[in-house]
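run.cif, holding mmCIF, C-alpha atoms:
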data_target
#
loop_
_atom_site.label_atom_id
_atom_site.label_comp_id
_atom_site.auth_asym_id
_atom_site.auth_seq_id
_atom_site.Cartn_x
_atom_site.Cartn_y
_atom_site.Cartn_z
CA MET A 1 67.04 -145.74 8.14
CA ALA A 2 63.48 -146.82 8.62
CA GLN A 3 62.30 -149.57 6.37
CA ASN A 4 60.87 -148.38 3.03
CA SER A 5 60.87 -144.71 4.10
CA GLY A 6 63.74 -142.61 2.96
CA LEU A 7 65.15 -145.37 0.75
CA PRO A 8 67.15 -144.21 -2.26
CA GLY A 9 64.96 -144.24 -5.38
CA GLU A 10 66.93 -147.13 -6.89
CA LEU A 11 65.87 -149.29 -3.92
CA ALA A 12 62.33 -148.03 -3.31
CA GLY A 13 61.41 -148.82 -6.91
CA LEU A 14 62.27 -152.49 -6.40
CA VAL A 15 59.57 -153.24 -3.81
CA GLY A 16 56.94 -155.40 -5.50
CA ASP A 17 59.34 -156.54 -8.22
CA SER A 18 61.42 -159.75 -8.28
CA PHE A 19 64.97 -160.71 -9.23
CA GLU A 20 65.34 -162.65 -12.48
CA ALA A 21 69.13 -162.96 -12.64
CA ILE A 22 72.14 -162.37 -10.38
CA ARG A 23 75.62 -161.58 -11.64
CA TYR A 24 78.83 -161.11 -9.66
CA LEU A 25 81.36 -158.58 -10.95
CA GLN A 26 84.77 -160.13 -10.45
CA SER A 27 88.35 -159.09 -11.23
CA ARG A 28 89.52 -160.15 -14.70
CA ASP A 29 90.57 -163.79 -14.82
CA ALA A 30 89.50 -164.44 -11.20
CA SER A 31 87.29 -167.48 -11.00
CA TRP A 32 84.37 -167.64 -8.61
CA PRO A 33 83.88 -169.10 -6.03
CA ASP A 34 87.58 -170.02 -5.71
CA GLY A 35 87.39 -170.04 -1.91
CA ARG A 36 85.07 -167.05 -1.67
CA ALA A 37 81.97 -168.92 -0.60
CA HIS A 38 81.56 -170.30 2.88
CA GLY A 39 78.20 -171.71 3.93
CA SER A 40 75.65 -168.91 3.71
CA VAL A 41 78.16 -166.14 2.84
CA HIS A 42 79.64 -165.22 -0.55
CA GLU A 43 82.47 -162.76 -1.13
CA VAL A 44 82.40 -160.73 -4.35
CA ASP A 45 85.33 -158.69 -5.69
CA HIS A 46 83.66 -155.59 -7.12
CA GLY A 47 79.90 -155.66 -7.31
CA ILE A 48 76.62 -157.42 -7.88
CA ASP A 49 74.04 -156.97 -10.61
CA LEU A 50 70.55 -157.76 -9.36
CA VAL A 51 68.57 -157.98 -12.59
CA THR A 52 64.81 -157.53 -12.37
CA ASN A 53 63.87 -157.78 -16.05
CA GLU A 54 66.09 -160.02 -18.17
CA VAL A 55 64.73 -158.76 -21.51
CA ARG A 56 65.57 -155.09 -20.92
CA GLY A 57 68.43 -155.76 -18.51
CA GLN A 58 66.99 -153.45 -15.88
CA GLY A 59 67.88 -153.81 -12.27
CA LEU A 60 70.29 -152.64 -9.66
CA SER A 61 74.05 -152.69 -9.61
CA MET A 62 75.65 -152.54 -6.15
CA MET A 63 79.39 -151.85 -5.95
CA TRP A 64 81.87 -150.95 -3.25
CA GLU A 65 83.18 -147.46 -3.67
CA MET A 66 85.65 -145.13 -2.03
CA SER A 67 85.76 -141.38 -2.54
CA GLY A 68 88.52 -139.76 -0.55
CA GLU A 69 87.94 -140.95 3.02
CA ASP A 70 84.35 -142.07 2.37
CA GLU A 71 83.71 -145.82 2.09
CA PHE A 72 80.27 -146.83 0.84
CA LEU A 73 78.02 -149.13 -1.11
CA SER A 74 77.00 -147.42 -4.36
CA LEU A 75 73.77 -148.03 -6.26
CA SER A 76 73.06 -147.51 -9.93
CA SER A 77 71.13 -149.09 -12.75
CA VAL A 78 72.80 -152.07 -14.40
CA GLU A 79 72.80 -150.13 -17.68
CA LEU A 80 74.73 -147.16 -16.26
CA ASN A 81 77.65 -149.30 -15.14
CA SER A 82 78.48 -150.68 -18.59
CA GLU A 83 81.87 -148.90 -18.77
CA ILE A 84 82.99 -150.36 -15.44
CA ARG A 85 81.43 -153.76 -16.17
CA ASN A 86 83.38 -154.02 -19.45
CA ARG A 87 86.64 -154.10 -17.44
CA LEU A 88 85.47 -156.97 -15.21
CA ASP A 89 84.43 -160.59 -15.58
CA ILE A 90 80.69 -161.02 -15.15
CA VAL A 91 79.74 -164.33 -13.54
CA ASP A 92 76.08 -165.38 -13.69
CA VAL A 93 75.31 -167.06 -10.35
CA SER A 94 71.52 -167.24 -10.80
CA ASN A 95 71.59 -171.04 -10.70
CA HIS A 96 73.82 -171.26 -7.62
CA PRO A 97 71.94 -173.09 -4.83
CA ALA A 98 72.05 -170.04 -2.53
CA TRP A 99 70.22 -167.89 -5.11
CA ARG A 100 67.60 -170.45 -6.24
CA SER A 101 65.17 -169.56 -3.42
CA ILE A 102 65.50 -165.85 -4.27
CA ILE A 103 65.02 -165.82 -8.04
CA GLY A 104 61.41 -165.01 -8.95
CA ARG A 105 60.18 -164.14 -5.41
CA GLU A 106 58.48 -160.80 -4.84
CA ILE A 107 60.54 -158.19 -2.96
CA VAL A 108 58.40 -157.15 0.02
CA ASP A 109 60.80 -155.05 2.11
CA ILE A 110 64.19 -153.36 1.91
CA ALA A 111 66.27 -151.85 4.70
CA THR A 112 69.62 -150.11 4.71
CA SER A 113 72.46 -149.76 7.20
CA CYS A 114 74.56 -146.62 7.29
CA HIS A 115 77.84 -145.72 8.92
CA VAL A 116 80.32 -142.89 9.29
CA SER A 117 83.43 -144.37 7.71
CA ASN A 118 85.86 -141.77 9.09
CA GLU A 119 85.72 -138.96 11.62
CA ASN A 120 83.92 -135.82 10.42
CA ARG A 121 82.62 -137.58 7.29
CA PRO A 122 78.97 -137.80 6.22
CA GLU A 123 76.88 -140.88 6.86
CA SER A 124 76.89 -143.37 3.98
CA MET A 125 75.33 -146.74 3.19
CA TRP A 126 77.36 -149.89 3.91
CA ALA A 127 74.66 -152.62 3.71
CA VAL A 128 71.27 -153.33 2.14
CA ARG A 129 68.90 -156.10 3.22
CA PHE A 130 66.17 -157.50 0.96
CA THR A 131 63.20 -159.44 2.31
CA LEU A 132 61.24 -161.46 -0.21
CA ALA A 133 57.97 -163.38 -0.15
CA ALA A 134 57.88 -166.38 2.23
CA ASP A 135 60.30 -164.55 4.56
CA VAL A 136 63.34 -165.29 2.40
CA ASN A 137 66.05 -162.66 2.80
CA PHE A 138 69.61 -161.70 2.02
CA ALA A 139 71.89 -158.71 2.57
CA VAL A 140 74.72 -157.19 0.57
CA ALA A 141 77.39 -155.40 2.60
CA LEU A 142 80.92 -154.09 2.51
CA GLY A 143 83.14 -156.86 3.81
CA ARG A 144 85.39 -159.81 3.18
CA LEU A 145 85.56 -163.46 4.19
CA GLY A 146 88.59 -164.17 6.34
CA PRO A 147 89.94 -167.09 8.35
CA SER A 148 87.85 -166.10 11.36
CA GLY A 149 84.66 -165.20 9.46
CA ILE A 150 83.41 -161.94 7.99
CA ALA A 151 85.47 -158.80 8.52
CA TYR A 152 84.81 -155.22 7.48
CA GLN A 153 86.79 -154.36 4.37
CA PRO A 154 85.56 -151.57 2.08
CA ASP A 155 87.10 -153.02 -1.10
CA SER A 156 84.88 -156.06 -1.54
CA LEU A 157 81.32 -157.17 -0.84
CA VAL A 158 79.74 -160.01 1.06
CA VAL A 159 76.32 -161.51 0.38
CA LEU A 160 74.73 -162.80 3.59
CA PHE A 161 71.96 -165.35 3.02
CA GLY A 162 69.49 -165.45 5.91
CA ALA A 163 68.50 -163.39 8.92
CA THR A 164 71.03 -164.94 11.31
CA GLU A 165 74.01 -163.99 9.15
CA SER A 166 72.70 -160.48 8.42
CA LYS A 167 71.80 -159.71 12.04
CA SER A 168 75.14 -160.96 13.36
CA TYR A 169 77.37 -158.92 11.02
CA HIS A 170 78.23 -155.63 12.76
CA ILE A 171 80.92 -153.06 12.05
CA LYS A 172 82.36 -150.51 14.48
CA SER A 173 81.33 -147.48 12.45
CA SER A 174 77.59 -148.36 12.42
CA MET A 175 74.86 -148.53 15.02
CA THR A 176 73.01 -151.22 13.05
CA SER A 177 73.91 -154.64 11.70
CA ALA A 178 73.76 -155.58 8.03
CA TRP A 179 70.09 -156.41 8.70
CA GLY A 180 69.35 -152.68 8.80
CA GLY A 181 67.10 -150.47 10.80
#

Rewrite the coordinates I just gave you, this time as structure tokens.
Amino acid sequence: MAQNSGLPGELAGLVGDSFEAIRYLQSRDASWPDGRAHGSVHEVDHGIDLVTNEVRGQGLSMMWEMSGEDEFLSLSSVELNSEIRNRLDIVDVSNHPAWRSIIGREIVDIATSCHVSNENRPESMWAVRFTLAADVNFAVALGRLGPSGIAYQPDSLVVLFGATESKSYHIKSSMTSAWGG
């Protein structure tokens, strides 16, 4: 997808805003990071809440999702996911060193990466990249940290801090990297 044109409404509305809090949605009783952080990559079990207004709790919830043969990154408001979130542990990572340079910076650009997860299936989103003021960026994508680095796995998410990490993460079912189009 082209940057800022054709973005889902949940994403397009974030340009010009800033993130005020970040929360990882983890399996019950699973501690974080517990081996799920390596350098500039974090692995997250279920989803991420990117909160833009702490008082009202508004923002974006990004979760991995599977529907039949379709594997994709779903987007919804943080408020709409309360039923799902109540079954998970919510870990506030806003003060983690990797997020400190992101909190409070204006979102200036967003790009998505799409793929066709299985033959004869529709195109769906697998990664979203956010660029913030001062050329700070990160991407959220379907994936998992493994012994040899990041691998495509549709039942967890990875957060890639920086352009190098986002541009180097490719999956077979997509023509673009996690950096987006």

Give me the result of the PyMOL selection byres ((chain A and resi 29) around 12) on this file, residue by residue, as a list in words.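 After applying the PyMOL selection byres ((chain A and resi 29) around 12), what remains is Leu25, Gln26, Ser27, Arg28, Ala30, Ser31, Trp32, Asp34, Asp45, Arg87, Leu88, Asp89, Ile90 and Val91 of chain A.
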
On this structure, which residues satisfy the PyMOL selection byres ((chain A and resi 130-145) around 9), written as number ranges by chain? A: 18, 36-38, 41-45, 48, 62-64, 71-73, 101-102, 105-113, 125-129, 146-163, 165-166, 178-179

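Taking CA of Gly13 (chain A) and CA of Gly59 (chain A) as the two end points, the separation is 9.8 Å.
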
Figure out the distance between CA of Ser173 (chain A) and CA of Asn118 (chain A), please, to one decimal in Å.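 Between CA of Asn118 (chain A) and CA of Ser173 (chain A) the gap works out to 8.0 Å.
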
Residue neighbourhood Glu119 (chain A), 10 Å, all atoms listed in the file, exclusion window fewer than 2 positions, as a VMD selection string: chain A and resid 69 to 70 116 to 117 121 to 122 173

Will you give me region 14-25 of chain A, written with all heavy atoms and laid out as an mmCIF file, in the first residue's frame?
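As written to disk, result.cif reads:
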data_model
loop_
_atom_site.group_PDB
_atom_site.id
_atom_site.type_symbol
_atom_site.label_atom_id
_atom_site.label_comp_id
_atom_site.auth_asym_id
_atom_site.auth_seq_id
_atom_site.Cartn_x
_atom_site.Cartn_y
_atom_site.Cartn_z
ATOM 1 N N LEU A 14 -4.311 8.213 13.172
ATOM 2 C CA LEU A 14 -3.211 8.381 14.118
ATOM 3 C C LEU A 14 -2.159 9.383 13.665
ATOM 4 O O LEU A 14 -1.386 9.886 14.488
ATOM 5 C CB LEU A 14 -2.520 7.037 14.373
ATOM 6 C CG LEU A 14 -3.345 5.980 15.092
ATOM 7 C CD1 LEU A 14 -2.562 4.682 15.184
ATOM 8 C CD2 LEU A 14 -3.754 6.449 16.473
ATOM 9 N N VAL A 15 -2.088 9.667 12.369
ATOM 10 C CA VAL A 15 -1.082 10.611 11.877
ATOM 11 C C VAL A 15 -1.321 11.968 12.529
ATOM 12 O O VAL A 15 -2.431 12.479 12.565
ATOM 13 C CB VAL A 15 -1.114 10.709 10.335
ATOM 14 C CG1 VAL A 15 -0.173 11.786 9.837
ATOM 15 C CG2 VAL A 15 -0.774 9.360 9.714
ATOM 16 N N GLY A 16 -0.272 12.536 13.103
ATOM 17 C CA GLY A 16 -0.357 13.804 13.819
ATOM 18 C C GLY A 16 -0.524 13.634 15.321
ATOM 19 O O GLY A 16 -0.345 14.576 16.081
ATOM 20 N N ASP A 17 -0.871 12.452 15.755
ATOM 21 C CA ASP A 17 -1.042 12.152 17.180
ATOM 22 C C ASP A 17 0.293 11.654 17.740
ATOM 23 O O ASP A 17 1.306 11.643 17.045
ATOM 24 C CB ASP A 17 -2.123 11.086 17.350
ATOM 25 C CG ASP A 17 -2.843 11.174 18.697
ATOM 26 O OD1 ASP A 17 -2.255 11.735 19.650
ATOM 27 O OD2 ASP A 17 -3.981 10.674 18.793
ATOM 28 N N SER A 18 0.306 11.200 18.979
ATOM 29 C CA SER A 18 1.510 10.610 19.569
ATOM 30 C C SER A 18 1.085 9.503 20.526
ATOM 31 O O SER A 18 -0.036 9.484 21.015
ATOM 32 C CB SER A 18 2.334 11.661 20.320
ATOM 33 O OG SER A 18 1.595 12.192 21.401
ATOM 34 N N PHE A 19 1.999 8.565 20.779
ATOM 35 C CA PHE A 19 1.724 7.482 21.714
ATOM 36 C C PHE A 19 2.076 7.927 23.119
ATOM 37 O O PHE A 19 3.136 8.494 23.359
ATOM 38 C CB PHE A 19 2.514 6.222 21.336
ATOM 39 C CG PHE A 19 2.148 5.676 19.989
ATOM 40 C CD1 PHE A 19 3.082 5.595 18.981
ATOM 41 C CD2 PHE A 19 0.850 5.257 19.726
ATOM 42 C CE1 PHE A 19 2.741 5.103 17.725
ATOM 43 C CE2 PHE A 19 0.494 4.766 18.482
ATOM 44 C CZ PHE A 19 1.443 4.685 17.483
ATOM 45 N N GLU A 20 1.170 7.644 24.062
ATOM 46 C CA GLU A 20 1.363 8.025 25.457
ATOM 47 C C GLU A 20 1.641 6.830 26.349
ATOM 48 O O GLU A 20 2.160 6.984 27.441
ATOM 49 C CB GLU A 20 0.136 8.789 25.964
ATOM 50 C CG GLU A 20 -0.164 10.047 25.169
ATOM 51 C CD GLU A 20 0.985 11.046 25.152
ATOM 52 O OE1 GLU A 20 1.662 11.205 26.184
ATOM 53 O OE2 GLU A 20 1.208 11.659 24.097
ATOM 54 N N ALA A 21 1.274 5.641 25.891
ATOM 55 C CA ALA A 21 1.526 4.420 26.667
ATOM 56 C C ALA A 21 1.545 3.234 25.709
ATOM 57 O O ALA A 21 0.883 3.260 24.674
ATOM 58 C CB ALA A 21 0.461 4.207 27.734
ATOM 59 N N ILE A 22 2.307 2.204 26.071
ATOM 60 C CA ILE A 22 2.403 0.982 25.281
ATOM 61 C C ILE A 22 2.189 -0.194 26.227
ATOM 62 O O ILE A 22 2.822 -0.277 27.286
ATOM 63 C CB ILE A 22 3.789 0.833 24.612
ATOM 64 C CG1 ILE A 22 4.177 2.097 23.844
ATOM 65 C CG2 ILE A 22 3.823 -0.417 23.737
ATOM 66 C CD1 ILE A 22 3.288 2.462 22.669
ATOM 67 N N ARG A 23 1.310 -1.100 25.821
ATOM 68 C CA ARG A 23 1.020 -2.274 26.644
ATOM 69 C C ARG A 23 1.076 -3.522 25.789
ATOM 70 O O ARG A 23 0.484 -3.564 24.711
ATOM 71 C CB ARG A 23 -0.354 -2.133 27.288
ATOM 72 C CG ARG A 23 -0.444 -0.929 28.197
ATOM 73 C CD ARG A 23 -1.807 -0.828 28.858
ATOM 74 N NE ARG A 23 -1.853 0.399 29.610
ATOM 75 C CZ ARG A 23 -2.653 1.428 29.317
ATOM 76 N NH1 ARG A 23 -3.471 1.361 28.301
ATOM 77 N NH2 ARG A 23 -2.630 2.520 30.046
ATOM 78 N N TYR A 24 1.771 -4.543 26.278
ATOM 79 C CA TYR A 24 1.829 -5.836 25.595
ATOM 80 C C TYR A 24 0.764 -6.747 26.193
ATOM 81 O O TYR A 24 0.599 -6.808 27.415
ATOM 82 C CB TYR A 24 3.198 -6.491 25.772
ATOM 83 C CG TYR A 24 4.322 -5.824 25.009
ATOM 84 C CD1 TYR A 24 5.639 -6.189 25.262
ATOM 85 C CD2 TYR A 24 4.101 -4.853 24.038
ATOM 86 C CE1 TYR A 24 6.693 -5.618 24.567
ATOM 87 C CE2 TYR A 24 5.145 -4.266 23.350
ATOM 88 C CZ TYR A 24 6.441 -4.643 23.611
ATOM 89 O OH TYR A 24 7.481 -4.071 22.928
ATOM 90 N N LEU A 25 0.052 -7.452 25.331
ATOM 91 C CA LEU A 25 -0.967 -8.406 25.750
ATOM 92 C C LEU A 25 -0.346 -9.790 25.724
ATOM 93 O O LEU A 25 -0.041 -10.332 24.670
ATOM 94 C CB LEU A 25 -2.177 -8.332 24.819
ATOM 95 C CG LEU A 25 -2.785 -6.930 24.641
ATOM 96 C CD1 LEU A 25 -3.938 -6.965 23.656
ATOM 97 C CD2 LEU A 25 -3.209 -6.351 25.965
#
